[in-house]
Amino acid sequence: MNKERLYGKTLNELIAVSRRAGLPGFSARQMADWLYRKEISSVEEMTNLPKKAREFLSAEYETGLYPPESSSESSDGTKKYLFRVLNNRFIETAYIPDADRATICVSSQSGCKMGCTFCMTGKQGFQGNLSANEILNQFRSLPEFKSLTNIVYMGMGEPLDNLTEVMKSLEILTSEWGYGWSPTRITVSTVGLTNPIKEFLSGSKCHLAVSLHSPFDEERRKLMPVQKSNTVKEVLEIIRNFDFNSQRRVSFEYILFRGLNDGPKHVRELARILNGIKCRINLIRFHPIPGSDFISPDEKTISAFRDALNAKGILTTIRASRGVDIQAACGLLSTLEQNK
Ligand code: SF4
């Protein structure tokens with residue numbers, strides 16, 4: 001019989017567990033402390049709970065932590081880990097060390113429904129939503145866990161298409177009874193699902209990154225089918241009307257495709273539609289995937305595009321490509337073969 005997993009439960013869920021075990025409500029905080037602070041690997045180690053309750057919990061629950069199945073390392077130090085999820089499906093997680101930062105890029109779904117035409121994950125279709133346990137296990141069971149400084153929800157899947165479990169994972173990461181991380185160390189990326197964005201903005205304080213890729217409706221529709229039902233115009237309206245505090249950041253991800261979205265008219269239109277929004281743009285080189293005709297512009301064009309946006313007053317940076325040689329870079333994650 002599969003036992004229920006305790007790791008990944010919120011405080012309210014742990015209160016329900018403690019009631020089942022005949023424990024007072026405050027025991028939930030003790031359990032959270034063991035799970036998220038003291039890093040135990042079995043229920044028996046919760047030694048401040050009565051023995052009888054521990055026996056009950058051990059019979060019904062497990063902590064639910066499990067290591068990656070395999071890993072590969074890039075020549076630039078980026079690592080990619082393969083985790084088993086959802087009863088024999090797989091996901092990938094990237095670990096990206098930098099000078100003073102160590103970032104984990106977590107997956108929120110196995111595969112993805114969004115079908116962005118430039119993305120390997122999009123090409124593998126959708127296999128299922130990850131639970132908060134499966135999202136956070138990537139973080140906690142990463143061999144480099146203790147060195148992590150930042151978390152980005154930019155791995156496989158669309159995080160806001162799995163809003164409930166993603167929000168639970170954010171609550172555990174940022175609550176004082178959980179990991180107590182500052183929300184400013186966490187970024188959630190989305191293609192721009194309008195209703196979930198509202199819930200994410202009001203229910204968390206983490207940074208928001210929106211995948212933009214073109215300021216023009218028709219062009220964006222060809223790159224990202226989501227534009228048909230959730231337009232950038234609507235997304236920008238939501239962002240414009242939300243009261244961001246000074247700590248919270250909105251950024252726009254922009255993958256550059258040669259001859260498609262890298263011209264002066266794109267700079268002008270980006271400046272127009274983002275007018276009045278305090279934000280930054282991250283330019284990303286396109287990394288080729290099989291069966292795609294897209295090509296990345298050369299470095300000179302990318303730099304000129306960045307400079308033109310900066311001249312328009314939009315803080316724009318070029319994201320370093322990391323882990324390309326192990327298919328860990330942006331748009332390259334895929335577990336199609338393993339899932340088969
Ligand atoms: S880019 Fe993100 S949202 Fe689009 S298909 Fe890939 S994983 Fe899904």
# chains A, B, ... in the order shown; residues from 1 in each chain; ligands from 1
$ residues_around --residues "Ile91 in chain A" --least-positions-apart "2" --cutoff "8 Å" --atoms "only C-alpha atoms" --output "PyMOL selection string"
chain A and resi 82-85+89+93+107+109-111+156+334-335
$ residues_around --residues "range 133-149 of chain A" --least-positions-apart "4" --cutoff "9 Å" --atoms "only C-alpha atoms" --output "MDAnalysis selection string"
chainID A and resid 5:9 36 39 64:68 81 83:86 92:93 95 97 100:109 165:166 169 172:173 185
$ residues_near_ligand --ligand "ligand 1" --cutoff "10 Å" --atoms "only C-alpha atoms and all ligand atoms" --output "VMD selection string"
chain A and resid 107 to 126 153 to 161 189 to 193 211 223 to 226 330 to 334
$ select_by_dssp --residues "range 163-330 of chain A" --states "alpha helix (DSSP H)" --output "PyMOL selection string"
chain A and resi 163-174+194-203+217-223+232-241+264-273+299-311
$ select_by_dssp --residues "range 255-327 of chain A" --states "strand (DSSP E or B)" --output "list of chain:residue names"
A:Ile255, A:Leu256, A:Arg280, A:Ile281, A:Asn282, A:Leu283, A:Ile284, A:Arg285, A:Leu315, A:Thr316, A:Thr317, A:Ile318
$ write_last_selection --atoms "N, CA and C atoms" --output "tab-separated table (two decimals), in the first residue's frame"
chain	number	residue	atom	x	y	z
A	255	ILE	N	12.54	35.39	-26.00
A	255	ILE	CA	13.47	34.59	-26.79
A	255	ILE	C	13.57	35.22	-28.17
A	256	LEU	N	14.79	35.41	-28.61
A	256	LEU	CA	15.00	36.06	-29.91
A	256	LEU	C	15.10	35.03	-31.04
A	280	ARG	N	11.59	44.63	-16.19
A	280	ARG	CA	12.81	44.41	-16.97
A	280	ARG	C	12.54	43.35	-18.02
A	281	ILE	N	13.35	43.36	-19.05
A	281	ILE	CA	13.24	42.32	-20.08
A	281	ILE	C	14.50	41.47	-20.04
A	282	ASN	N	14.30	40.15	-20.05
A	282	ASN	CA	15.43	39.23	-20.17
A	282	ASN	C	15.44	38.68	-21.59
A	283	LEU	N	16.48	38.98	-22.33
A	283	LEU	CA	16.59	38.42	-23.68
A	283	LEU	C	17.25	37.05	-23.59
A	284	ILE	N	16.70	36.10	-24.32
A	284	ILE	CA	17.20	34.72	-24.25
A	284	ILE	C	17.54	34.27	-25.67
A	285	ARG	N	18.71	33.68	-25.80
A	285	ARG	CA	19.07	33.12	-27.12
A	285	ARG	C	18.20	31.89	-27.38
A	315	LEU	N	14.83	48.47	-18.76
A	315	LEU	CA	16.03	47.75	-18.32
A	315	LEU	C	16.04	46.37	-18.98
A	316	THR	N	17.05	46.12	-19.79
A	316	THR	CA	17.09	44.87	-20.57
A	316	THR	C	18.45	44.20	-20.43
A	317	THR	N	18.42	42.91	-20.16
A	317	THR	CA	19.67	42.16	-20.03
A	317	THR	C	19.60	40.92	-20.93
A	318	ILE	N	20.76	40.36	-21.20
A	318	ILE	CA	20.82	39.12	-22.00
A	318	ILE	C	21.13	37.97	-21.05
$ closest_residue --among "A:Gly313, A:Ile302, A:Pro183, A:Gly263" --to "Arg249 in chain A" --atoms "only C-alpha atoms"
A:Pro183
$ atom_distance --atom1 "CA of Glu55 in chain A" --atom2 "CA of Tyr179 in chain A"
26.2 Å
$ closest_residue --among "A:Lys198, A:Lys38, A:Lys233, A:Arg319" --to "Phe286 in chain A" --atoms "only C-alpha atoms"
A:Arg319
$ closest_residue --among "A:Gln127, A:Ser202, A:Ser75, A:Gln327" --to "Asn241 in chain A" --atoms "only C-alpha atoms"
A:Ser202
$ residues_around --residues "Phe26 in chain A" --least-positions-apart "3" --cutoff "8 Å" --atoms "only C-alpha atoms" --output "PyMOL selection string"
chain A and resi 15+29-30
$ closest_residue --among "A:Ala28, A:Ala132, A:Leu212, A:Leu274" --to "Asn230 in chain A" --atoms "only C-alpha atoms"
A:Leu212
$ atom_distance --atom1 "CA of Leu201 in chain A" --atom2 "CA of Arg240 in chain A"
11.9 Å
